[in-house]
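**Q** I am sharing final_11.txt, which consists of compact mmCIF, C-alpha atoms:
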# COMPACT_ATOMS: atom_id res chain seq x y z
CA MET A 103 -0.22 -3.22 -36.67
CA ASN A 104 -1.22 -6.07 -38.98
CA ASP A 105 -4.64 -6.09 -37.34
CA LEU A 106 -4.92 -2.35 -37.96
CA ARG A 107 -3.84 -2.75 -41.59
CA GLU A 108 -6.52 -5.40 -42.11
CA ARG A 109 -9.15 -3.21 -40.43
CA ILE A 110 -8.31 -0.35 -42.79
CA ALA A 111 -8.55 -2.67 -45.82
CA ARG A 112 -11.92 -4.02 -44.59
CA TRP A 113 -13.16 -0.48 -43.98
CA ILE A 114 -12.21 0.60 -47.52
CA ALA A 115 -13.92 -2.47 -48.97
CA GLY A 116 -17.16 -1.33 -47.30
CA CYS A 117 -16.93 2.28 -48.57
CA SER A 118 -18.71 3.78 -51.59
CA GLU A 119 -17.42 2.44 -54.92
CA GLU A 120 -17.25 6.00 -56.19
CA LEU A 121 -14.44 6.87 -53.77
CA ARG A 122 -12.85 3.45 -53.28
CA GLU A 123 -9.99 3.92 -55.71
CA ALA A 124 -9.04 7.24 -54.13
CA LEU A 125 -9.21 5.70 -50.63
CA GLU A 126 -7.04 2.78 -51.69
CA TRP A 127 -4.55 5.25 -53.22
CA GLN A 128 -4.41 7.19 -49.96
CA PHE A 129 -4.46 4.40 -47.39
CA LEU A 130 -2.75 1.43 -48.97
CA ALA A 131 0.44 3.29 -49.87
CA GLY A 132 2.40 2.18 -46.80
CA SER A 133 1.93 4.38 -43.76
CA LYS A 134 4.34 4.56 -40.81
CA TYR A 135 1.31 4.21 -38.47
CA PHE A 136 3.14 6.33 -35.92
CA ARG A 137 -0.05 7.81 -34.49
CA PRO A 138 -1.71 4.42 -33.87
CA LEU A 139 1.61 3.29 -32.36
CA THR A 140 1.43 6.27 -29.99
CA ILE A 141 -2.07 5.24 -28.91
CA PHE A 142 -0.96 1.65 -28.29
CA SER A 143 2.19 2.74 -26.42
CA CYS A 144 0.20 5.11 -24.18
CA TYR A 145 -2.26 2.32 -23.45
CA ARG A 146 0.63 -0.02 -22.57
CA ALA A 147 2.24 2.65 -20.37
CA VAL A 148 -0.72 2.61 -17.98
CA ASN A 149 -2.41 -0.78 -18.56
CA LYS A 150 -1.55 -4.44 -18.81
CA GLY A 151 -3.08 -7.12 -21.01
CA PRO A 152 -4.17 -7.19 -24.65
CA ILE A 153 -5.26 -4.06 -26.54
CA PRO A 154 -9.06 -3.73 -26.10
CA GLU A 155 -11.48 -3.18 -29.00
CA GLN A 156 -12.10 0.48 -28.11
CA ILE A 157 -8.39 1.27 -28.38
CA MET A 158 -8.16 -0.57 -31.73
CA GLN A 159 -11.08 1.53 -32.99
CA SER A 160 -9.37 4.71 -31.83
CA ALA A 161 -6.20 3.67 -33.68
CA LEU A 162 -8.18 3.12 -36.88
CA VAL A 163 -9.93 6.48 -36.59
CA ILE A 164 -6.75 8.43 -35.79
CA GLU A 165 -5.24 7.02 -38.99
CA LEU A 166 -8.35 8.13 -40.91
CA PHE A 167 -8.26 11.65 -39.46
CA HIS A 168 -4.51 11.93 -39.93
CA ASN A 169 -4.97 11.15 -43.62
CA VAL A 170 -7.64 13.86 -43.86
CA SER A 171 -5.07 16.34 -42.54
CA LEU A 172 -2.53 15.08 -45.12
CA ILE A 173 -5.00 15.46 -48.02
CA ILE A 174 -5.89 19.02 -46.96
CA ASP A 175 -2.22 19.95 -46.31
CA ASP A 176 -1.24 18.71 -49.76
CA ILE A 177 -3.97 20.81 -51.40
CA VAL A 178 -3.03 23.92 -49.38
CA ASP A 179 0.72 23.45 -49.99
CA ARG A 180 0.11 22.57 -53.66
CA SER A 181 2.31 19.49 -53.15
CA PRO A 182 2.44 17.25 -56.22
CA THR A 183 3.88 14.21 -54.37
CA ARG A 184 3.98 12.60 -50.95
CA ARG A 185 6.13 9.62 -49.99
CA GLY A 186 7.25 9.45 -53.59
CA ARG A 187 3.74 9.12 -55.09
CA ALA A 188 1.26 11.57 -56.53
CA THR A 189 -0.89 13.27 -53.88
CA MET A 190 -4.63 12.57 -53.92
CA HIS A 191 -5.60 15.91 -55.48
CA THR A 192 -2.93 15.52 -58.17
CA LYS A 193 -4.16 12.05 -59.10
CA PHE A 194 -7.93 12.45 -58.68
CA GLY A 195 -8.49 16.23 -58.75
CA GLU A 196 -9.24 18.73 -55.99
CA LEU A 197 -13.00 18.13 -55.93
CA GLN A 198 -12.62 14.42 -55.28
CA ALA A 199 -9.84 15.00 -52.74
CA LEU A 200 -11.99 17.46 -50.78
CA MET A 201 -15.13 15.30 -50.94
CA THR A 202 -13.17 12.20 -49.96
CA SER A 203 -11.73 13.97 -46.92
CA GLY A 204 -15.26 14.92 -45.78
CA TYR A 205 -16.37 11.31 -46.35
CA ILE A 206 -13.46 10.01 -44.24
CA VAL A 207 -14.34 12.32 -41.31
CA ALA A 208 -17.97 11.17 -41.34
CA GLU A 209 -16.85 7.52 -41.53
CA GLY A 210 -14.42 8.09 -38.66
CA TYR A 211 -17.20 9.25 -36.35
CA LEU A 212 -19.35 6.28 -37.39
CA GLN A 213 -16.52 3.90 -36.55
CA LEU A 214 -16.36 5.31 -32.99
CA LYS A 215 -19.92 4.04 -32.33
CA ASP A 216 -20.74 4.69 -28.64
CA ASP A 217 -17.27 5.79 -27.54
CA LEU A 218 -18.35 9.22 -26.29
CA ALA A 219 -14.99 10.11 -24.77
CA GLY A 220 -13.34 9.21 -28.09
CA ILE A 221 -15.83 11.34 -30.02
CA ALA A 222 -15.06 14.31 -27.76
CA LEU A 223 -11.31 13.85 -28.26
CA PHE A 224 -11.58 13.56 -32.05
CA SER A 225 -13.77 16.68 -32.13
CA GLU A 226 -11.15 18.51 -30.09
CA LEU A 227 -8.51 17.34 -32.57
CA MET A 228 -10.36 18.49 -35.69
CA LYS A 229 -11.08 21.90 -34.18
CA ARG A 230 -7.49 22.44 -33.05
CA LEU A 231 -6.01 21.28 -36.35
CA GLY A 232 -8.23 23.73 -38.23
CA VAL A 233 -7.26 26.60 -35.94
CA ALA A 234 -3.55 25.65 -36.12
CA GLU A 235 -3.52 25.59 -39.91
CA CYS A 236 -5.09 29.08 -40.07
CA MET A 237 -2.75 30.41 -37.36
CA GLN A 238 0.32 29.02 -39.14
CA TRP A 239 -0.77 30.68 -42.39
CA ARG A 240 -1.57 34.01 -40.69
CA LEU A 241 1.82 34.08 -38.96
CA ARG A 242 3.89 33.37 -42.09
CA ARG A 243 6.73 35.75 -43.03
CA GLN A 244 6.74 37.39 -39.61
CA PRO A 245 9.81 37.92 -37.42
CA LEU A 246 8.67 35.67 -34.55
CA GLY A 247 10.62 33.61 -32.04
CA ILE A 248 11.07 30.09 -30.70
CA GLU A 249 8.19 30.53 -28.26
CA ASP A 250 5.88 31.33 -31.18
CA TRP A 251 7.15 28.23 -32.98
CA ARG A 252 6.32 26.18 -29.86
CA LYS A 253 2.77 27.56 -29.86
CA VAL A 254 2.17 26.85 -33.55
CA ALA A 255 3.79 23.38 -33.44
CA GLY A 256 2.00 22.60 -30.17
CA GLU A 257 -1.38 23.28 -31.75
CA ASP A 258 -0.53 21.57 -35.04
CA THR A 259 1.34 18.29 -34.52
CA GLY A 260 1.20 18.71 -30.75
CA SER A 261 -2.60 18.53 -30.66
CA MET A 262 -2.55 15.37 -32.79
CA PHE A 263 -0.24 13.54 -30.39
CA GLU A 264 -1.92 14.98 -27.30
CA VAL A 265 -5.17 13.42 -28.49
CA CYS A 266 -3.37 10.14 -29.33
CA ALA A 267 -2.03 10.01 -25.76
CA CYS A 268 -5.49 10.71 -24.29
CA LEU A 269 -7.07 8.06 -26.54
CA GLY A 270 -4.50 5.54 -25.33
CA ASP A 271 -4.46 6.18 -21.59
CA ARG A 272 -8.06 7.47 -21.24
CA SER A 273 -7.29 9.37 -18.02
CA GLY A 274 -5.56 12.51 -19.28
CA ARG A 275 -2.38 11.66 -17.36
CA LEU A 276 -0.30 11.42 -20.52
CA ARG A 277 -1.72 14.46 -22.31
CA THR A 278 1.36 16.60 -21.65
CA PHE A 279 3.61 13.74 -22.77
CA GLY A 280 1.64 13.53 -26.02
CA GLY A 281 2.00 17.28 -26.56
CA LEU A 282 5.76 17.08 -26.09
CA LEU A 283 6.01 14.09 -28.43
CA GLY A 284 4.10 16.06 -31.08
CA LEU A 285 6.33 19.09 -30.58
CA LEU A 286 9.38 16.85 -30.97
CA TYR A 287 7.93 15.25 -34.12
CA HIS A 288 7.15 18.66 -35.62
CA GLY A 289 10.65 19.95 -34.82
CA CYS A 290 12.35 16.83 -36.24
CA ASP A 291 10.23 17.25 -39.37
CA ASP A 292 11.36 20.89 -39.68
CA VAL A 293 15.02 19.96 -39.22
CA GLY A 294 14.73 16.94 -41.54
CA ASP A 295 13.21 19.17 -44.22
CA VAL A 296 16.11 21.60 -44.03
CA LYS A 297 18.51 18.69 -44.30
CA GLY A 298 16.69 17.89 -47.51
CA LEU A 299 15.61 14.51 -46.32
CA ALA A 300 12.83 12.35 -47.63
CA ALA A 301 12.71 10.34 -44.39
CA LEU A 302 9.61 12.13 -43.14
CA GLY A 303 7.82 12.21 -46.45
CA GLY A 304 8.56 15.65 -47.83
CA GLY A 305 11.05 18.36 -48.69
CA GLY A 306 11.18 21.78 -47.12
CA GLU A 307 10.75 23.89 -50.26
CA GLU A 308 7.08 24.72 -49.58
CA ASP A 309 7.77 26.00 -46.06
CA LEU A 310 10.70 28.08 -47.31
CA ARG A 311 8.65 29.50 -50.21
CA ASP A 312 5.63 30.28 -48.00
CA GLY A 313 7.63 31.80 -45.13
CA ILE A 314 6.39 29.23 -42.60
CA LEU A 315 7.86 29.53 -39.10
CA THR A 316 9.88 26.31 -38.74
CA LEU A 317 12.33 25.61 -35.90
CA PRO A 318 15.48 26.45 -37.93
CA ALA A 319 13.69 29.55 -39.26
CA ALA A 320 12.78 30.74 -35.75
CA LEU A 321 16.44 30.42 -34.72
CA ALA A 322 17.85 32.01 -37.88
CA ILE A 323 15.59 35.05 -37.94
CA ARG A 324 16.87 36.23 -34.58
CA ASP A 325 19.45 37.89 -36.82
CA PRO A 326 17.69 41.02 -38.18
CA ALA A 327 19.39 40.67 -41.60
CA VAL A 328 18.00 37.12 -41.99
CA ALA A 329 14.61 38.26 -40.67
CA ARG A 330 14.44 40.85 -43.48
CA ILE A 331 14.95 38.14 -46.13
CA PHE A 332 12.43 35.88 -44.37
CA CYS A 333 9.78 38.63 -44.22
CA ASP A 334 10.21 39.68 -47.86
CA PRO A 335 6.71 39.34 -49.37
CA GLU A 336 8.25 38.64 -52.80
CA GLY A 337 10.20 35.70 -51.38
CA ARG A 338 13.53 36.73 -52.94
CA ASN A 339 16.90 35.23 -51.91
CA LEU A 340 15.39 31.91 -50.88
CA ALA A 341 18.69 30.14 -51.54
CA GLU A 342 20.50 32.46 -49.15
CA LEU A 343 17.73 32.03 -46.58
CA GLY A 344 18.10 28.27 -46.89
CA ARG A 345 21.83 28.58 -46.14
CA HIS A 346 21.08 30.54 -42.96
CA PHE A 347 18.64 27.81 -41.89
CA VAL A 348 21.29 25.14 -42.51
CA ALA A 349 23.74 27.10 -40.33
CA LYS A 350 21.25 26.89 -37.46
CA LEU A 351 20.82 23.10 -37.63
CA PRO A 352 23.19 22.28 -34.72
CA GLU A 353 21.30 24.74 -32.49
CA ALA A 354 17.97 23.28 -33.65
CA GLU A 355 19.19 19.73 -32.90
CA SER A 356 20.22 20.72 -29.40
CA TYR A 357 16.81 22.38 -28.84
CA LEU A 358 15.17 19.11 -29.95
CA ASP A 359 17.34 17.22 -27.45
CA LYS A 360 15.89 19.47 -24.73
CA ILE A 361 12.31 18.71 -25.82
CA ALA A 362 13.13 14.98 -25.90
CA GLU A 363 14.43 15.21 -22.33
CA GLU A 364 11.25 17.01 -21.23
CA GLY A 365 9.27 14.14 -22.78
CA ARG A 366 11.34 11.47 -21.00
CA THR A 367 10.89 13.27 -17.65
CA GLU A 368 7.13 13.48 -18.21
CA ALA A 369 7.00 9.75 -19.05
CA ARG A 370 8.96 8.78 -15.94
CA LEU A 371 6.76 10.94 -13.70
CA PHE A 372 3.33 9.96 -14.96
CA ALA A 373 3.43 6.49 -16.55
CA ALA A 374 3.25 3.23 -14.60
CA ASP A 375 5.62 1.78 -17.23
CA PRO A 376 7.54 4.57 -19.02
CA ALA A 377 9.48 2.20 -21.32
CA PRO A 378 7.05 2.26 -24.31
CA LEU A 379 6.87 6.07 -24.09
CA ILE A 380 10.64 6.49 -23.93
CA ALA A 381 10.91 4.19 -26.97
CA LEU A 382 8.52 6.54 -28.83
CA ILE A 383 10.70 9.52 -27.93
CA GLU A 384 13.85 7.77 -29.17
CA GLN A 385 12.16 6.71 -32.40
CA THR A 386 10.92 10.24 -33.04
CA ARG A 387 14.25 11.84 -32.19
CA GLN A 388 15.95 9.69 -34.83
CA LEU A 389 13.75 11.21 -37.56
CA SER A 390 15.98 14.26 -37.99
CA ARG A 391 19.24 12.32 -37.74
CA TYR A 392 19.24 10.29 -40.94
CA MET B 1455 -14.71 18.89 26.73
CA GLY B 1456 -11.72 16.55 26.96
CA LEU B 1457 -9.90 13.79 25.19
CA PRO B 1458 -11.58 10.39 24.81
CA PRO B 1459 -10.27 7.51 26.92
CA THR B 1460 -6.76 6.39 26.01
CA GLY B 1461 -7.91 3.02 24.71
CA GLN B 1462 -9.95 4.66 21.93
CA GLU B 1463 -7.09 6.96 20.74
CA SER B 1464 -5.06 4.37 18.90
CA PRO B 1465 -7.43 3.65 16.00
CA ALA B 1466 -8.10 7.37 15.54
CA ILE B 1467 -4.36 8.05 15.33
CA THR B 1468 -3.82 5.23 12.88
CA ASP B 1469 -6.85 6.07 10.77
CA PHE B 1470 -6.66 9.84 10.62
CA VAL B 1471 -3.63 11.48 12.25
CA LEU B 1472 -1.06 9.32 10.48
CA PRO B 1473 -2.49 9.85 6.97
CA MET B 1474 -2.82 13.57 7.68
CA GLY B 1475 0.85 13.61 8.64
CA GLN B 1476 1.73 11.74 5.45
CA ALA B 1477 -0.30 14.22 3.40
CA MET B 1478 1.55 17.11 5.00
CA VAL B 1479 4.92 15.51 4.26
CA ILE B 1480 3.85 15.00 0.62
CA ALA B 1481 2.71 18.62 0.33
CA ALA B 1482 5.93 19.90 1.96
CA ASN B 1483 8.03 17.81 -0.45
CA ARG B 1484 6.18 19.19 -3.46
CA SER B 1485 6.56 22.70 -2.17
CA LEU B 1486 10.30 22.21 -1.76
CA SER B 1487 10.57 20.66 -5.23
CA TYR B 1488 8.74 23.64 -6.68
CA TRP B 1489 11.09 26.19 -5.10
CA PHE B 1490 14.14 24.14 -6.06
CA GLY B 1491 12.91 23.86 -9.67
CA LEU B 1492 12.15 27.58 -9.74
CA ALA B 1493 15.68 28.41 -8.59
CA GLN B 1494 17.12 26.15 -11.31
CA ILE B 1495 15.02 27.75 -14.05
CA LEU B 1496 15.97 31.25 -12.94
CA GLU B 1497 19.64 30.31 -12.82
CA ASN B 1498 19.56 28.82 -16.33
CA HIS B 1499 17.78 31.75 -17.89
CA GLN B 1500 19.70 34.47 -16.10
CA ALA B 1501 22.91 33.31 -17.71
CA LEU B 1502 21.34 32.94 -21.17
CA MET B 1503 19.66 36.35 -21.06
CA ALA B 1504 22.83 38.05 -19.91
CA GLN B 1505 24.72 36.34 -22.77
CA SER B 1506 22.22 37.45 -25.37
CA LEU B 1507 22.23 41.06 -24.22
CA VAL B 1508 26.01 41.37 -24.39
CA LEU B 1509 27.21 42.40 -27.85
CA ASP B 1510 29.38 39.71 -29.41
CA PRO B 1511 32.22 41.50 -31.26
CA THR B 1512 33.32 38.38 -33.17
CA SER B 1513 29.94 37.61 -34.72
CA GLY B 1514 29.16 41.29 -35.31
CA ARG B 1515 25.61 40.84 -34.08
CA GLY B 1516 24.01 44.11 -33.12
CA PRO B 1517 21.97 44.93 -30.01
CA GLU B 1518 18.69 44.41 -31.91
CA SER B 1519 19.48 40.74 -32.39
CA GLY B 1520 20.39 40.43 -28.70
CA ARG B 1521 17.10 42.00 -27.66
CA LEU B 1522 15.14 39.54 -29.78
CA THR B 1523 17.00 36.59 -28.25
CA ALA B 1524 16.58 37.99 -24.74
CA ALA B 1525 12.84 38.46 -25.32
CA ASP B 1526 12.61 34.83 -26.44
CA GLU B 1527 14.54 33.73 -23.36
CA LEU B 1528 12.23 35.74 -21.09
CA ARG B 1529 9.17 34.18 -22.71
CA ALA B 1530 10.72 30.71 -22.32
CA LEU B 1531 11.36 31.49 -18.64
CA LEU B 1532 7.72 32.48 -18.07
CA ARG B 1533 6.50 29.34 -19.84
CA GLU B 1534 8.83 27.08 -17.87
CA VAL B 1535 7.79 28.62 -14.53
CA GLY B 1536 4.14 28.00 -15.44
CA GLU B 1537 4.85 24.46 -16.59
CA LEU B 1538 6.80 23.73 -13.39
CA ALA B 1539 3.86 24.85 -11.24
CA VAL B 1540 1.42 22.69 -13.21
CA ARG B 1541 3.75 19.66 -13.16
CA GLN B 1542 4.30 19.89 -9.38
CA ALA B 1543 0.54 20.26 -8.86
CA ARG B 1544 -0.08 17.16 -10.99
CA ILE B 1545 2.51 15.16 -9.02
CA LEU B 1546 0.90 16.36 -5.77
CA GLN B 1547 -2.51 15.30 -7.04
CA SER B 1548 -1.14 11.89 -8.03
CA GLU B 1549 0.62 11.34 -4.68
CA LEU B 1550 -2.42 12.40 -2.66
CA SER B 1551 -4.56 10.14 -4.82
CA ASP B 1552 -2.26 7.18 -4.00
CA LEU B 1553 -2.61 8.00 -0.30
CA ASP B 1554 -6.38 8.22 -0.70
CA GLU B 1555 -6.37 4.85 -2.42
CA SER B 1556 -4.34 3.16 0.33
CA LEU B 1557 -6.67 4.67 2.97
CA ALA B 1558 -9.70 3.30 1.15
CA GLN B 1559 -8.06 -0.14 0.91
CA ASN B 1560 -7.21 -0.14 4.64
CA PHE B 1561 -10.76 0.73 5.64
CA GLN B 1562 -12.33 -2.01 3.62
CA GLN B 1563 -10.04 -4.74 5.05
CA SER B 1564 -12.39 -5.16 8.05
CA ASP B 1565 -15.22 -6.03 5.65
CA LEU B 1566 -14.75 -9.75 5.17
CA SER B 1567 -17.81 -10.38 3.04
CA GLY B 1568 -16.38 -10.54 -0.47
CA SER B 1569 -19.46 -9.19 -2.20
CA TYR B 1570 -18.87 -5.64 -0.84
CA ARG B 1571 -15.11 -5.61 -1.44
CA ARG B 1572 -13.92 -2.51 -3.25
CA ARG B 1573 -12.77 -3.64 -6.67
CA TRP B 1574 -11.89 -0.39 -8.43
CA ARG B 1575 -8.78 1.73 -8.32
CA SER B 1576 -8.48 5.47 -8.66
CA LYS B 1577 -7.81 6.46 -12.28
CA ILE B 1578 -5.71 9.52 -11.44
Turn this file's structure into structure tokens for me.
**A**
Amino acid sequence: MNDLRERIARWIAGCSEELREALEWQFLAGSKYFRPLTIFSCYRAVNKGPIPEQIMQSALVIELFHNVSLIIDDIVDRSPTRRGRATMHTKFGELQALMTSGYIVAEGYLQLKDDLAGIALFSELMKRLGVAECMQWRLRRQPLGIEDWRKVAGEDTGSMFEVCACLGDRSGRLRTFGGLLGLLYHGCDDVGDVKGLAALGGGGEEDLRDGILTLPAALAIRDPAVARIFCDPEGRNLAELGRHFVAKLPEAESYLDKIAEEGRTEARLFAADPAPLIALIEQTRQLSRY
Amino acid sequence: MGLPPTGQESPAITDFVLPMGQAMVIAANRSLSYWFGLAQILENHQALMAQSLVLDPTSGRGPESGRLTAADELRALLREVGELAVRQARILQSELSDLDESLAQNFQQSDLSGSYRRRWRSKI
């Protein structure tokens, strides 16, 4: 991870002076590097020996692309802060935030050099993230179910971790594992938000306000009375809606336990060494338990 | 028409009949695992769907709520059946690939010149 941190700092130092301050603000704020860790763990699950250069490059680029998704999310959600600091658009303005995110994507592809399989995977990721964001917004304030939540989360965070797994193992064997890890991460994020935690970097007010289908929401709106509050276009009674979501937390936690078990089974079936993958599952599962 | 002399049968049996037998055992195992998994999924969801369709007098939930939950359960069942089929197919592919790999390794053992030795392994 230190190597990755140094690579990011070196990359920023070589970027345009015009955007350098914004890039430093975004990248040197202390990331969890969970996506690069997923790439490394998936590599370790099927290979032995030191991490090769191509995998290090992939880890750098996934961190770049992940930050693009954060910048765009923050603009769309109108979030003033992330991880306790001002978001990029709040600090530097929307124009610079949007232009910087385009710059990062172009730089990411340049960093991949001749890694054609990596380029294909990152292209898949950017396309799926774009589709997922639009789908999530289109499906807001609708009385949908858990299966719909799985689809949205699977395309959103799920696609990110699916691609991480493929970048790490390079054979496609761990793709399903990656998808399940992403689903678990998304669900823990949803539950953590309802618990009002800062552990994952944000509160849940935006999702509640915008009528986003989170895991606790999908469980709570099975009750038609709660569904009516959730679907209200004026967004009235948000406090009451929040209480219904809180009441569904035990059920949401047990659903997350099921996803975690699916992930462990997948790791045991398809990894030569499942230990690093199971460690990822345990680490992710803890995110909603603080 | 007729069988080749007895002395030439042994290598053919070792090289082809035995691996074919192993492949059939692998396929039969996967098939059994699939049906067993299918029975488990159906059992789990039957109980949950029945529960959700029965009106709970203590919670006061109406039939509409039960229908929504049952629909979600049915969709989960369909997804799980599909996932089970794909997972079993992937395991089958992986097991057959291992068999293929061991066959390839066995065949190249007779080649003693190191320069032609097979050095790669199947990725799947």
**Q** Using all atoms listed in the file, which residues sit within 8 Å of stretch 1484-1491 of chain B once same-chain residues fewer than 4 positions away are excluded, as an NGL selection string?
**A** :B and (1480 or 1495 or 1538-1539 or 1542-1543 or 1545-1546)
**Q** Would you export the selected residues with C-alpha atoms as a PDB file, in the frame of the given file, please?
**A**
ATOM      1  CA  ILE B1480       3.850  15.000   0.620  1.00  0.00           C
ATOM      2  CA  ILE B1495      15.020  27.750 -14.050  1.00  0.00           C
ATOM      3  CA  LEU B1538       6.800  23.730 -13.390  1.00  0.00           C
ATOM      4  CA  ALA B1539       3.860  24.850 -11.240  1.00  0.00           C
ATOM      5  CA  GLN B1542       4.300  19.890  -9.380  1.00  0.00           C
ATOM      6  CA  ALA B1543       0.540  20.260  -8.860  1.00  0.00           C
ATOM      7  CA  ILE B1545       2.510  15.160  -9.020  1.00  0.00           C
ATOM      8  CA  LEU B1546       0.900  16.360  -5.770  1.00  0.00           C
TER       9      LEU B1546
END
**Q** At a cut-off of 7 Å, which residues of chain A touch chain B? Count all atoms listed in the file and give the answer as a ChimeraX atom specification.
**A** /A:247-249,273,324-326
**Q** Set the distance at 7 Å and use all atoms listed in the file: which residues neighbour stretch 207-222 of chain A once local chain neighbours fewer than 6 positions away are removed? I'd like the list as a PyMOL selection string.
**A** chain A and resi 159+163+166-167+269
**Q** Interatomic distance between atom CA of A:Glu364 and atom CA of B:Leu1532?
**A**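 Atom CA of A:Glu364 sits 16.2 Å away from atom CA of B:Leu1532.
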**Q** Any idea what's packed within 7 Å of A:Tyr287, counting all atoms listed in the file, ignoring anything in its chain fewer than 4 positions away? Could you give it as a list in words?
**A**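 The residues satisfying every condition are Leu283, Asp291 and Thr386 of chain A.
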**Q** Here is a test: counting only C-alpha atoms, which residue of A:Gly260, A:Pro318, A:Gly284, A:Pro352 is nearest to A:Leu231?
**A** A:Gly260
**Q** Name all residues at most 10 Å from A:Gly344 (count only C-alpha atoms; drop same-chain ones fewer than 4 positions away) and give them as a PyMOL selection string.
**A** chain A and resi 296-297+306-307+310+318-319+322+332+339-340+348-349
**Q** Quick one: pull the distance between atom CA of A:Thr189 and atom CA of A:Glu235, Å, one decimal.
**A** 18.8 Å
**Q** May I have the residues within 12 Å of A:Cys236 as a list in words, using only C-alpha atoms and disregarding those fewer than 2 positions away in the same chain?
**A** Asp175, Val178, Lys229, Arg230, Leu231, Gly232, Val233, Ala234, Gln238, Trp239, Arg240, Leu241, Arg242, Val254, Glu257, Asp258 and Ile314 of chain A
**Q** Rank A:Glu196, A:Asp334, A:Glu123, A:Asp271 by their smallest atom-to-atom distance to A:Gln244, using only C-alpha atoms, and report the top residue only.
**A** A:Asp334
